[in-house]
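Source file: target_15.cif; contents: mmCIF, C-alpha atoms.
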```
data_input
loop_
_atom_site.group_PDB
_atom_site.id
_atom_site.type_symbol
_atom_site.label_atom_id
_atom_site.label_comp_id
_atom_site.auth_asym_id
_atom_site.auth_seq_id
_atom_site.Cartn_x
_atom_site.Cartn_y
_atom_site.Cartn_z
ATOM 1 C CA MET U 29 14.792 30.052 9.073
ATOM 2 C CA ARG U 30 14.974 26.279 9.462
ATOM 3 C CA TRP U 31 12.978 26.358 12.710
ATOM 4 C CA THR U 32 10.369 28.656 11.154
ATOM 5 C CA ILE U 33 9.808 26.161 8.342
ATOM 6 C CA ARG U 34 9.562 23.288 10.810
ATOM 7 C CA TRP U 35 7.043 25.199 12.962
ATOM 8 C CA TRP U 36 4.770 25.832 9.979
ATOM 9 C CA TYR U 37 5.198 22.229 8.866
ATOM 10 C CA ARG U 38 4.096 20.877 12.258
ATOM 11 C CA TYR U 39 1.188 23.308 12.358
ATOM 12 C CA ALA U 40 0.071 22.103 8.945
ATOM 13 C CA MET U 41 0.322 18.483 10.081
ATOM 14 C CA LEU U 42 -2.068 19.239 12.949
ATOM 15 C CA LEU U 43 -4.621 20.452 10.407
ATOM 16 C CA LEU U 44 -4.095 17.517 8.063
ATOM 17 C CA PRO U 45 -6.546 15.102 9.769
ATOM 18 C CA ILE U 46 -9.304 17.677 9.206
ATOM 19 C CA ALA U 47 -8.408 17.912 5.534
ATOM 20 C CA VAL U 48 -8.349 14.119 5.223
ATOM 21 C CA VAL U 49 -11.835 13.786 6.676
ATOM 22 C CA GLU U 50 -13.142 16.526 4.394
ATOM 23 C CA CYS U 51 -11.555 14.997 1.283
ATOM 24 C CA ALA U 52 -12.222 11.332 2.030
ATOM 25 C CA PRO U 53 -15.554 11.076 0.153
ATOM 26 C CA VAL U 54 -13.826 12.386 -2.994
ATOM 27 C CA ARG U 55 -11.049 9.807 -2.679
ATOM 28 C CA ASP U 56 -13.698 7.108 -2.317
ATOM 29 C CA ARG U 57 -15.055 7.853 -5.808
ATOM 30 C CA PRO U 58 -12.196 6.860 -8.149
ATOM 31 C CA PRO U 59 -12.522 7.042 -11.935
ATOM 32 C CA PRO U 60 -13.732 3.885 -13.714
ATOM 33 C CA MET U 61 -11.234 1.161 -14.541
ATOM 34 C CA ARG U 62 -10.193 1.300 -18.185
ATOM 35 C CA SER U 63 -7.154 0.882 -20.378
ATOM 36 C CA THR U 64 -5.685 3.990 -21.973
ATOM 37 C CA LEU U 65 -5.055 1.865 -25.081
ATOM 38 C CA SER U 66 -7.731 0.814 -27.567
ATOM 39 C CA ARG U 67 -6.109 -2.645 -27.743
ATOM 40 C CA LEU U 68 -4.053 -4.982 -25.623
ATOM 41 C CA PRO U 69 -0.455 -3.810 -25.096
ATOM 42 C CA THR U 70 2.237 -5.376 -27.269
ATOM 43 C CA PRO U 71 4.931 -7.478 -25.547
ATOM 44 C CA ALA U 72 7.280 -4.483 -25.779
ATOM 45 C CA GLU U 73 4.682 -2.220 -24.149
ATOM 46 C CA LEU U 74 3.900 -4.777 -21.442
ATOM 47 C CA ALA U 75 7.618 -4.931 -20.651
ATOM 48 C CA GLU U 76 7.302 -1.368 -19.357
ATOM 49 C CA LEU U 77 5.395 -2.841 -16.392
ATOM 50 C CA TRP U 78 6.486 -6.450 -16.090
ATOM 51 C CA VAL U 79 8.968 -8.958 -17.523
ATOM 52 C CA ASP U 80 9.013 -12.692 -16.904
ATOM 53 C CA PRO U 81 11.559 -13.179 -14.101
ATOM 54 C CA GLY U 82 12.461 -16.613 -15.477
ATOM 55 C CA ASP U 83 14.381 -18.662 -12.927
ATOM 56 C CA VAL U 84 13.649 -16.544 -9.859
ATOM 57 C CA LYS U 85 16.019 -18.657 -7.779
ATOM 58 C CA GLY U 86 18.835 -16.647 -9.367
ATOM 59 C CA ARG U 87 17.598 -13.348 -7.916
ATOM 60 C CA ASP U 88 19.515 -11.919 -4.976
ATOM 61 C CA LEU U 89 16.824 -10.833 -2.520
ATOM 62 C CA LEU U 90 19.272 -9.729 0.148
ATOM 63 C CA TYR U 91 20.617 -6.879 -2.000
ATOM 64 C CA GLY U 92 17.814 -6.614 -4.572
ATOM 65 C CA ALA U 93 17.864 -4.812 -7.912
ATOM 66 C CA GLY U 94 20.998 -2.804 -7.101
ATOM 67 C CA GLY U 95 23.109 -5.744 -6.006
ATOM 68 C CA ALA U 96 25.824 -5.774 -3.371
ATOM 69 C CA THR U 97 28.173 -3.394 -5.211
ATOM 70 C CA LEU U 98 25.756 -0.461 -4.943
ATOM 71 C CA ALA U 99 24.784 -1.108 -1.309
ATOM 72 C CA PRO U 100 25.393 1.880 0.995
ATOM 73 C CA ASP U 101 28.178 1.571 3.547
ATOM 74 C CA PRO U 102 26.731 2.058 7.064
ATOM 75 C CA ASN U 103 30.098 3.403 8.227
ATOM 76 C CA ALA U 104 30.420 6.003 5.460
ATOM 77 C CA ARG U 105 30.148 9.748 5.956
ATOM 78 C CA TYR U 106 26.740 10.887 4.631
ATOM 79 C CA GLU U 107 26.708 14.627 4.033
ATOM 80 C CA PHE U 108 23.435 16.515 4.369
ATOM 81 C CA VAL U 109 22.085 17.940 1.098
ATOM 82 C CA SER U 110 18.461 18.756 1.898
ATOM 83 C CA GLU U 111 15.608 17.797 4.187
ATOM 84 C CA LYS U 112 12.306 16.405 2.975
ATOM 85 C CA PHE U 113 9.272 18.583 3.644
ATOM 86 C CA GLY U 114 5.745 17.924 2.468
ATOM 87 C CA ILE U 115 2.367 18.273 4.128
ATOM 88 C CA LEU U 116 1.087 15.119 2.417
ATOM 89 C CA SER U 117 4.235 13.078 3.101
ATOM 90 C CA TYR U 118 4.033 10.719 6.056
ATOM 91 C CA SER U 119 7.724 9.901 6.460
ATOM 92 C CA ARG U 120 10.562 12.266 7.291
ATOM 93 C CA GLY U 121 13.704 12.048 5.239
ATOM 94 C CA TYR U 122 16.781 13.599 3.699
ATOM 95 C CA THR U 123 18.806 13.766 0.554
ATOM 96 C CA VAL U 124 22.412 12.918 1.431
ATOM 97 C CA LYS U 125 25.664 12.440 -0.479
ATOM 98 C CA ASP U 126 28.172 9.654 0.149
ATOM 99 C CA PRO U 127 31.985 9.819 -0.309
ATOM 100 C CA ARG U 128 31.598 8.545 -3.897
ATOM 101 C CA GLY U 129 29.515 11.611 -4.740
ATOM 102 C CA LEU U 130 26.344 9.524 -5.111
ATOM 103 C CA LYS U 131 23.183 11.124 -3.759
ATOM 104 C CA TRP U 132 20.650 9.065 -1.804
ATOM 105 C CA SER U 133 16.994 9.559 -0.932
ATOM 106 C CA VAL U 134 16.715 8.564 2.728
ATOM 107 C CA LYS U 135 13.382 7.683 4.342
ATOM 108 C CA LEU U 136 13.052 7.497 8.139
ATOM 109 C CA GLY U 137 10.263 6.120 10.286
ATOM 110 C CA PRO U 138 8.043 3.015 10.288
ATOM 111 C CA GLU U 139 7.784 2.821 6.481
ATOM 112 C CA ALA U 140 11.509 2.215 5.960
ATOM 113 C CA GLN U 141 11.672 -1.491 6.806
ATOM 114 C CA PRO U 142 8.487 -2.704 5.067
ATOM 115 C CA GLU U 143 9.312 -0.720 1.930
ATOM 116 C CA VAL U 144 12.570 -2.599 1.395
ATOM 117 C CA VAL U 145 11.022 -6.061 1.902
ATOM 118 C CA ALA U 146 8.009 -5.271 -0.284
ATOM 119 C CA SER U 147 10.282 -3.903 -3.000
ATOM 120 C CA ARG U 148 12.292 -7.149 -2.975
ATOM 121 C CA LEU U 149 9.158 -9.279 -3.454
ATOM 122 C CA ILE U 150 7.712 -7.018 -6.182
ATOM 123 C CA TRP U 151 11.018 -7.251 -8.046
ATOM 124 C CA ALA U 152 11.177 -11.034 -7.565
ATOM 125 C CA ALA U 153 7.773 -11.353 -9.266
ATOM 126 C CA GLY U 154 9.058 -9.541 -12.382
ATOM 127 C CA TYR U 155 7.945 -5.935 -11.787
ATOM 128 C CA HIS U 156 10.477 -3.127 -12.133
ATOM 129 C CA GLN U 157 11.983 -1.638 -8.998
ATOM 130 C CA LEU U 158 14.759 0.807 -8.226
ATOM 131 C CA PRO U 159 17.531 -0.260 -5.843
ATOM 132 C CA ALA U 160 16.546 0.122 -2.197
ATOM 133 C CA TYR U 161 18.397 -0.799 0.978
ATOM 134 C CA TYR U 162 17.735 -0.685 4.699
ATOM 135 C CA VAL U 163 20.578 0.745 6.779
ATOM 136 C CA GLU U 164 20.103 0.101 10.476
ATOM 137 C CA HIS U 165 22.683 2.568 11.848
ATOM 138 C CA TRP U 166 24.363 5.476 10.065
ATOM 139 C CA GLN U 167 25.550 9.046 10.638
ATOM 140 C CA LEU U 168 24.313 12.266 9.083
ATOM 141 C CA PHE U 169 26.980 14.965 8.786
ATOM 142 C CA ARG U 170 25.728 18.531 8.809
ATOM 143 C CA ASP U 171 27.989 21.571 9.075
ATOM 144 C CA GLY U 172 30.883 19.241 9.885
ATOM 145 C CA LYS U 173 29.122 17.517 12.792
ATOM 146 C CA GLY U 174 28.025 13.869 12.650
ATOM 147 C CA THR U 175 24.780 12.784 14.290
ATOM 148 C CA PRO U 176 23.791 9.113 14.749
ATOM 149 C CA GLN U 177 20.547 8.293 12.924
ATOM 150 C CA PRO U 178 17.958 5.518 13.283
ATOM 151 C CA GLY U 179 17.356 2.865 10.638
ATOM 152 C CA ALA U 180 16.374 4.201 7.226
ATOM 153 C CA ARG U 181 15.564 3.232 3.661
ATOM 154 C CA PHE U 182 18.309 4.348 1.248
ATOM 155 C CA ARG U 183 17.436 4.738 -2.455
ATOM 156 C CA PRO U 184 20.187 5.987 -4.825
ATOM 157 C CA LYS U 185 19.558 8.848 -7.235
ATOM 158 C CA LEU U 186 20.924 7.205 -10.375
ATOM 159 C CA PRO U 187 21.672 9.287 -13.487
ATOM 160 C CA ARG U 188 20.534 6.482 -15.804
ATOM 161 C CA VAL U 189 16.900 6.735 -14.663
ATOM 162 C CA LYS U 190 14.763 9.866 -14.407
ATOM 163 C CA LYS U 191 11.268 10.195 -13.017
ATOM 164 C CA ARG U 192 8.957 11.736 -15.615
ATOM 165 C CA ASP U 193 5.405 11.342 -14.313
ATOM 166 C CA THR U 194 2.980 9.365 -12.180
ATOM 167 C CA TRP U 195 0.391 6.814 -13.315
ATOM 168 C CA SER U 196 -3.066 5.816 -12.138
ATOM 169 C CA TRP U 197 -4.239 2.419 -10.931
ATOM 170 C CA GLN U 198 -7.632 2.986 -12.548
ATOM 171 C CA GLN U 199 -6.519 4.182 -15.982
ATOM 172 C CA ASN U 200 -3.278 2.985 -17.561
ATOM 173 C CA PRO U 201 -2.120 0.942 -20.591
ATOM 174 C CA PHE U 202 -2.155 -2.373 -18.683
ATOM 175 C CA VAL U 203 -5.726 -2.629 -17.367
ATOM 176 C CA GLY U 204 -7.137 -5.968 -18.480
ATOM 177 C CA THR U 205 -3.798 -7.798 -18.648
ATOM 178 C CA ARG U 206 -2.788 -10.685 -16.386
ATOM 179 C CA PRO U 207 0.391 -8.951 -15.093
ATOM 180 C CA PHE U 208 -1.571 -5.848 -14.057
ATOM 181 C CA SER U 209 -4.219 -7.929 -12.274
ATOM 182 C CA GLY U 210 -1.398 -9.909 -10.669
ATOM 183 C CA LEU U 211 0.177 -6.680 -9.420
ATOM 184 C CA ILE U 212 -3.087 -5.682 -7.740
ATOM 185 C CA VAL U 213 -3.262 -9.088 -6.049
ATOM 186 C CA LEU U 214 0.342 -8.701 -4.907
ATOM 187 C CA MET U 215 -0.491 -5.355 -3.280
ATOM 188 C CA LEU U 216 -3.377 -7.056 -1.464
ATOM 189 C CA MET U 217 -1.140 -9.917 -0.405
ATOM 190 C CA LEU U 218 1.329 -7.423 1.093
ATOM 191 C CA ASP U 219 -1.443 -5.206 2.532
ATOM 192 C CA ASN U 220 -0.064 -2.147 0.749
ATOM 193 C CA TRP U 221 -3.170 -0.064 1.457
ATOM 194 C CA ASP U 222 -1.663 3.257 0.273
ATOM 195 C CA MET U 223 -2.353 2.650 -3.430
ATOM 196 C CA THR U 224 -2.475 6.166 -4.832
ATOM 197 C CA THR U 225 -1.395 7.760 -8.099
ATOM 198 C CA ALA U 226 1.221 9.803 -6.228
ATOM 199 C CA ASN U 227 2.956 6.587 -5.164
ATOM 200 C CA ASN U 228 3.276 5.281 -8.742
ATOM 201 C CA ALA U 229 6.071 6.551 -10.983
ATOM 202 C CA ILE U 230 7.009 6.458 -14.662
ATOM 203 C CA TYR U 231 10.767 6.491 -15.182
ATOM 204 C CA ASP U 232 12.636 7.207 -18.401
ATOM 205 C CA LEU U 233 15.771 5.124 -18.879
ATOM 206 C CA ARG U 234 18.930 6.313 -20.581
ATOM 207 C CA GLU U 235 19.174 2.957 -22.360
ATOM 208 C CA GLU U 236 16.942 -0.092 -22.704
ATOM 209 C CA ARG U 237 16.813 -2.305 -19.633
ATOM 210 C CA GLU U 238 14.680 -5.395 -19.082
ATOM 211 C CA GLY U 239 13.122 -4.905 -22.515
ATOM 212 C CA ALA U 240 11.954 -1.301 -22.081
ATOM 213 C CA ARG U 241 13.057 2.346 -22.284
ATOM 214 C CA GLN U 242 10.533 3.447 -19.670
ATOM 215 C CA TRP U 243 9.252 1.745 -16.524
ATOM 216 C CA TYR U 244 5.857 1.934 -14.861
ATOM 217 C CA MET U 245 6.690 1.350 -11.238
ATOM 218 C CA VAL U 246 4.940 0.967 -7.888
ATOM 219 C CA GLN U 247 7.437 3.011 -5.942
ATOM 220 C CA ASP U 248 6.390 3.991 -2.403
ATOM 221 C CA VAL U 249 5.276 0.745 -0.777
ATOM 222 C CA GLY U 250 6.096 1.582 2.833
ATOM 223 C CA ALA U 251 2.494 1.033 3.976
ATOM 224 C CA SER U 252 2.911 -2.710 3.363
ATOM 225 C CA PHE U 253 2.688 -5.296 6.171
ATOM 226 C CA SER U 254 0.313 -3.258 8.335
ATOM 227 C CA ARG U 255 -3.332 -2.869 9.269
ATOM 228 C CA LEU U 256 -5.522 -1.937 6.312
ATOM 229 C CA ARG U 257 -7.124 1.490 6.100
ATOM 230 C CA GLY U 258 -10.838 1.956 6.563
ATOM 231 C CA ARG U 259 -13.321 4.162 4.758
ATOM 232 C CA TRP U 260 -12.357 7.303 6.657
ATOM 233 C CA ILE U 261 -9.102 6.609 8.474
ATOM 234 C CA ASP U 262 -5.708 5.616 7.094
ATOM 235 C CA GLY U 263 -4.255 2.273 8.096
ATOM 236 C CA ALA U 264 -1.267 1.581 10.281
ATOM 237 C CA ARG U 265 2.351 1.532 9.167
ATOM 238 C CA GLY U 266 5.095 -0.838 10.172
ATOM 239 C CA GLU U 267 2.883 -3.113 12.288
ATOM 240 C CA VAL U 268 3.681 -6.724 11.435
ATOM 241 C CA GLU U 269 1.400 -8.017 14.194
ATOM 242 C CA ALA U 270 -1.544 -6.125 12.684
ATOM 243 C CA PHE U 271 -0.635 -7.492 9.247
ATOM 244 C CA ALA U 272 -0.736 -11.047 10.599
ATOM 245 C CA ARG U 273 -4.256 -10.512 11.961
ATOM 246 C CA GLN U 274 -5.683 -9.209 8.669
ATOM 247 C CA GLY U 275 -7.569 -11.443 6.286
ATOM 248 C CA PHE U 276 -6.577 -11.912 2.648
ATOM 249 C CA ILE U 277 -9.066 -13.894 0.537
ATOM 250 C CA GLU U 278 -12.585 -14.054 1.929
ATOM 251 C CA SER U 279 -14.196 -16.315 -0.660
ATOM 252 C CA VAL U 280 -14.049 -17.647 -4.234
ATOM 253 C CA ASN U 281 -17.343 -18.068 -6.076
ATOM 254 C CA GLY U 282 -17.450 -19.138 -9.709
ATOM 255 C CA GLY U 283 -13.891 -17.957 -10.237
ATOM 256 C CA ARG U 284 -14.644 -14.548 -8.727
ATOM 257 C CA VAL U 285 -12.523 -13.623 -5.711
ATOM 258 C CA GLU U 286 -13.674 -11.566 -2.736
ATOM 259 C CA PHE U 287 -10.891 -9.992 -0.716
ATOM 260 C CA ALA U 288 -10.673 -8.616 2.805
ATOM 261 C CA TRP U 289 -9.763 -5.220 1.390
ATOM 262 C CA PRO U 290 -10.731 -1.675 2.407
ATOM 263 C CA ALA U 291 -13.682 -0.023 0.705
ATOM 264 C CA PRO U 292 -11.691 2.763 -1.036
ATOM 265 C CA HIS U 293 -9.888 0.184 -3.192
ATOM 266 C CA ARG U 294 -12.709 -2.271 -3.884
ATOM 267 C CA ASP U 295 -12.980 -0.954 -7.456
ATOM 268 C CA LEU U 296 -9.550 -2.394 -8.207
ATOM 269 C CA THR U 297 -10.583 -5.931 -7.279
ATOM 270 C CA GLN U 298 -13.948 -6.190 -9.028
ATOM 271 C CA ASN U 299 -12.583 -8.104 -12.040
ATOM 272 C CA ILE U 300 -9.882 -10.130 -10.299
ATOM 273 C CA THR U 301 -10.235 -13.873 -10.935
ATOM 274 C CA ALA U 302 -8.916 -16.962 -9.185
ATOM 275 C CA ASP U 303 -6.543 -17.430 -12.140
ATOM 276 C CA ASP U 304 -5.046 -13.967 -11.508
ATOM 277 C CA VAL U 305 -4.493 -14.844 -7.852
ATOM 278 C CA HIS U 306 -2.926 -18.189 -8.702
ATOM 279 C CA TRP U 307 -0.682 -16.596 -11.360
ATOM 280 C CA ILE U 308 1.049 -14.186 -9.008
ATOM 281 C CA ALA U 309 1.163 -16.617 -6.077
ATOM 282 C CA GLU U 310 2.882 -19.193 -8.271
ATOM 283 C CA LYS U 311 5.640 -16.661 -9.034
ATOM 284 C CA LEU U 312 6.371 -16.145 -5.334
ATOM 285 C CA ALA U 313 6.043 -19.842 -4.547
ATOM 286 C CA ARG U 314 9.142 -20.459 -6.706
ATOM 287 C CA LEU U 315 11.354 -18.593 -4.243
ATOM 288 C CA SER U 316 13.596 -20.715 -2.071
ATOM 289 C CA SER U 317 13.453 -20.636 1.716
ATOM 290 C CA ASP U 318 16.814 -18.833 1.756
ATOM 291 C CA GLN U 319 15.479 -16.165 -0.627
ATOM 292 C CA TRP U 320 12.506 -15.534 1.649
ATOM 293 C CA ASP U 321 14.807 -15.204 4.634
ATOM 294 C CA ASP U 322 17.093 -12.855 2.668
ATOM 295 C CA ALA U 323 14.197 -10.607 1.587
ATOM 296 C CA ILE U 324 12.971 -10.258 5.167
ATOM 297 C CA ARG U 325 16.492 -9.783 6.527
ATOM 298 C CA ALA U 326 17.073 -7.058 3.905
ATOM 299 C CA GLY U 327 14.459 -4.994 5.738
ATOM 300 C CA GLY U 328 16.172 -5.413 9.085
ATOM 301 C CA TYR U 329 13.562 -7.778 10.525
ATOM 302 C CA THR U 330 14.854 -10.314 13.041
ATOM 303 C CA GLY U 331 13.530 -12.640 15.706
ATOM 304 C CA GLU U 332 9.784 -13.068 16.195
ATOM 305 C CA GLN U 333 8.868 -10.253 13.804
ATOM 306 C CA ALA U 334 10.781 -11.942 10.994
ATOM 307 C CA ARG U 335 9.181 -15.299 11.770
ATOM 308 C CA LEU U 336 5.687 -13.778 11.934
ATOM 309 C CA LEU U 337 6.176 -11.978 8.635
ATOM 310 C CA ARG U 338 7.357 -15.187 6.961
ATOM 311 C CA ARG U 339 4.504 -17.294 8.394
ATOM 312 C CA THR U 340 1.884 -14.805 7.298
ATOM 313 C CA LEU U 341 3.231 -14.535 3.751
ATOM 314 C CA ASP U 342 3.577 -18.317 3.490
ATOM 315 C CA ALA U 343 -0.046 -18.728 4.599
ATOM 316 C CA ARG U 344 -1.306 -16.162 2.073
ATOM 317 C CA ILE U 345 0.547 -17.804 -0.793
ATOM 318 C CA ALA U 346 -0.786 -21.217 0.233
ATOM 319 C CA GLN U 347 -4.330 -19.794 0.309
ATOM 320 C CA ALA U 348 -3.877 -18.243 -3.122
ATOM 321 C CA LEU U 349 -2.669 -21.532 -4.631
ATOM 322 C CA ARG U 350 -5.716 -23.507 -3.536
ATOM 323 C CA PRO U 351 -8.081 -24.468 -6.370
#
```

Show how you would write the structure in this file as structure tokens.
Amino acid sequence: MRWTIRWWYRYAMLLLPIAVVECAPVRDRPPPMRSTLSRLPTPAELAELWVDPGDVKGRDLLYGAGGATLAPDPNARYEFVSEKFGILSYSRGYTVKDPRGLKWSVKLGPEAQPEVVASRLIWAAGYHQLPAYYVEHWQLFRDGKGTPQPGARFRPKLPRVKKRDTWSWQQNPFVGTRPFSGLIVLMLMLDNWDMTTANNAIYDLREEREGARQWYMVQDVGASFSRLRGRWIDGARGEVEAFARQGFIESVNGGRVEFAWPAPHRDLTQNITADDVHWIAEKLARLSSDQWDDAIRAGGYTGEQARLLRRTLDARIAQALRP
């Protein structure tokens, strides 16, 4: 049965490029940008998206929102629970259970490393994120047999948070606020070209955390640090060298910013100002050199790739801070 499902899955993936080409013009016509509120959000409502991180130098960017105590043990026995299938999902993955009984969502492939680093930087800027870790080597146990696995993103399935819905970039309660505009700029800075409603999540919390009982979250950010997508074709994934070659800000005229950003997402940038760009860049500029190194190391990047990623991000922040 398992092989039958896999055969149909692979057959469907062969047909997917045809479906993407057919549907691309529809995706290029997003709804107009507008707030779903008739007023600006209150501070309590805004806290559902963003909270002031305060002294960001106190944030642990090696272990992120979950801290060291929740980090998965690479030497633990991870029991197979289920395999991820989905025609529209790029990355393979599993649900596994560790010896503590905690279930994990595991993502394999080129999105795993960039997702962890991007998540660290989004969290450092004050936006909500779930714990996420990169595990370079681990074993999957299935029917009593352990199989070595490549590096993967591990995200715990925590009982205190529950995904309720998705939310749209074009229409949400935060359109028109500085934190929402700053979040868009941050996605551009990281080259997260896969900005779709399906990749945004609303989570209900069992108790108030960071000033809110629900979080609006940019969740699947594995397309970060890659070549941008074009009008018809998706961008690359996990290509730091391509990320380094991409432009960021093309020009600033009368406070209006033009970005080197793919056509399908140009609607999101039409009202972005130089003040919005400076606001989010200033948040990241507060991070220490050690924090930057920790965030990149958290994604398993080493050597020249780590240095290239750091240089590119440093250059983009410096560009954003110019008057």

Go through region 131-225 of chain U residue by residue and, counting all atoms listed in the file, keep those with an atom at most 12 Å from region 304-319 of chain U; for each kept residue give the shortest atom pair and its distance in Å to one decimal, ordered by chain and increasing number, as CSV.
```
residue,atom,partner,partner_atom,distance
U:Val145,CA,U:Gln319,CA,11.3
U:Arg148,CA,U:Gln319,CA,9.8
U:Leu149,CA,U:Leu312,CA,7.6
U:Ile150,CA,U:Leu312,CA,9.3
U:Trp151,CA,U:Leu312,CA,10.4
U:Ala152,CA,U:Leu312,CA,7.4
U:Ala153,CA,U:Lys311,CA,5.7
U:Gly154,CA,U:Lys311,CA,8.6
U:Tyr155,CA,U:Ile308,CA,11.1
U:Gly204,CA,U:Asp304,CA,10.8
U:Thr205,CA,U:Asp304,CA,9.5
U:Arg206,CA,U:Asp304,CA,6.3
U:Pro207,CA,U:Ile308,CA,8.1
U:Phe208,CA,U:Asp304,CA,9.2
U:Ser209,CA,U:Asp304,CA,6.1
U:Gly210,CA,U:Ile308,CA,5.2
U:Leu211,CA,U:Ile308,CA,7.6
U:Ile212,CA,U:Val305,CA,9.3
U:Val213,CA,U:Val305,CA,6.2
U:Leu214,CA,U:Ile308,CA,6.9
U:Met215,CA,U:Ile308,CA,10.6
U:Leu216,CA,U:Val305,CA,10.1
U:Met217,CA,U:Ala309,CA,9.1
U:Leu218,CA,U:Ala309,CA,11.7
```

Show which residues sit within 7 Å of region 276-287 of chain U, as JSON, numbers by chain. Count all atoms listed in the file, and ignore same-chain residues fewer than 4 positions away. {"U": [217, 300, 301, 302, 344]}

Report as a PDB file with C-alpha atoms, in the coordinates of the input the residues that result from applying the PyMOL selection byres ((chain U and resi 79) around 9) to the structure here.
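Now in out_10.pdb:
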```
ATOM      1  CA  LEU U  74       3.900  -4.777 -21.442  1.00  0.00           C
ATOM      2  CA  ALA U  75       7.618  -4.931 -20.651  1.00  0.00           C
ATOM      3  CA  GLU U  76       7.302  -1.368 -19.357  1.00  0.00           C
ATOM      4  CA  LEU U  77       5.395  -2.841 -16.392  1.00  0.00           C
ATOM      5  CA  TRP U  78       6.486  -6.450 -16.090  1.00  0.00           C
ATOM      6  CA  ASP U  80       9.013 -12.692 -16.904  1.00  0.00           C
ATOM      7  CA  PRO U  81      11.559 -13.179 -14.101  1.00  0.00           C
ATOM      8  CA  GLY U  82      12.461 -16.613 -15.477  1.00  0.00           C
ATOM      9  CA  ALA U 153       7.773 -11.353  -9.266  1.00  0.00           C
ATOM     10  CA  GLY U 154       9.058  -9.541 -12.382  1.00  0.00           C
ATOM     11  CA  TYR U 155       7.945  -5.935 -11.787  1.00  0.00           C
ATOM     12  CA  HIS U 156      10.477  -3.127 -12.133  1.00  0.00           C
ATOM     13  CA  PRO U 207       0.391  -8.951 -15.093  1.00  0.00           C
ATOM     14  CA  GLU U 238      14.680  -5.395 -19.082  1.00  0.00           C
ATOM     15  CA  GLY U 239      13.122  -4.905 -22.515  1.00  0.00           C
TER      16      GLY U 239
END
```

Determine, counting all atoms listed in the file, which protein, DNA and RNA residues have an atom within 8 Å of an atom of Arg188 (chain U); residues of the same chain fewer than 4 positions away are not included. Present the result as a list of chain:residue names. U:Leu233, U:Arg234, U:Glu235

Decode the PyMOL selection byres ((chain U and resi 61) around 8) for the given file into explicit residues and return them as a PDB file with C-alpha atoms, keeping the file's coordinate frame.
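As written to disk, expr21.pdb reads:
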```
ATOM      1  CA  PRO U  59     -12.522   7.042 -11.935  1.00  0.00           C
ATOM      2  CA  PRO U  60     -13.732   3.885 -13.714  1.00  0.00           C
ATOM      3  CA  ARG U  62     -10.193   1.300 -18.185  1.00  0.00           C
ATOM      4  CA  SER U  63      -7.154   0.882 -20.378  1.00  0.00           C
ATOM      5  CA  TRP U 197      -4.239   2.419 -10.931  1.00  0.00           C
ATOM      6  CA  GLN U 198      -7.632   2.986 -12.548  1.00  0.00           C
ATOM      7  CA  GLN U 199      -6.519   4.182 -15.982  1.00  0.00           C
ATOM      8  CA  VAL U 203      -5.726  -2.629 -17.367  1.00  0.00           C
ATOM      9  CA  ASP U 295     -12.980  -0.954  -7.456  1.00  0.00           C
ATOM     10  CA  LEU U 296      -9.550  -2.394  -8.207  1.00  0.00           C
TER      11      LEU U 296
END
```

Within-6 Å shell of (-2.0, -2.9, 3.1) in input frame, all atoms listed in the file, as a PyMOL selection string: chain U and resi 218-221+252+254+256

Requested write-out: C-alpha atoms of the selected residues, as an mmCIF file, in the coordinates of the input:
```
data_model
loop_
_atom_site.group_PDB
_atom_site.id
_atom_site.type_symbol
_atom_site.label_atom_id
_atom_site.label_comp_id
_atom_site.auth_asym_id
_atom_site.auth_seq_id
_atom_site.Cartn_x
_atom_site.Cartn_y
_atom_site.Cartn_z
ATOM 1 C CA LEU U 218 1.329 -7.423 1.093
ATOM 2 C CA ASP U 219 -1.443 -5.206 2.532
ATOM 3 C CA ASN U 220 -0.064 -2.147 0.749
ATOM 4 C CA TRP U 221 -3.170 -0.064 1.457
ATOM 5 C CA SER U 252 2.911 -2.710 3.363
ATOM 6 C CA SER U 254 0.313 -3.258 8.335
ATOM 7 C CA LEU U 256 -5.522 -1.937 6.312
#
```

Within 10 Å of (-3.1, -16.7, 2.9), in the coordinates the file gives, what residues turn up when you count all atoms listed in the file, written out as a PyMOL selection string? chain U and resi 217+272+274-278+309+339-350

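CA of Val134 (chain U) is positioned 22.1 Å from CA of Asp88 (chain U).
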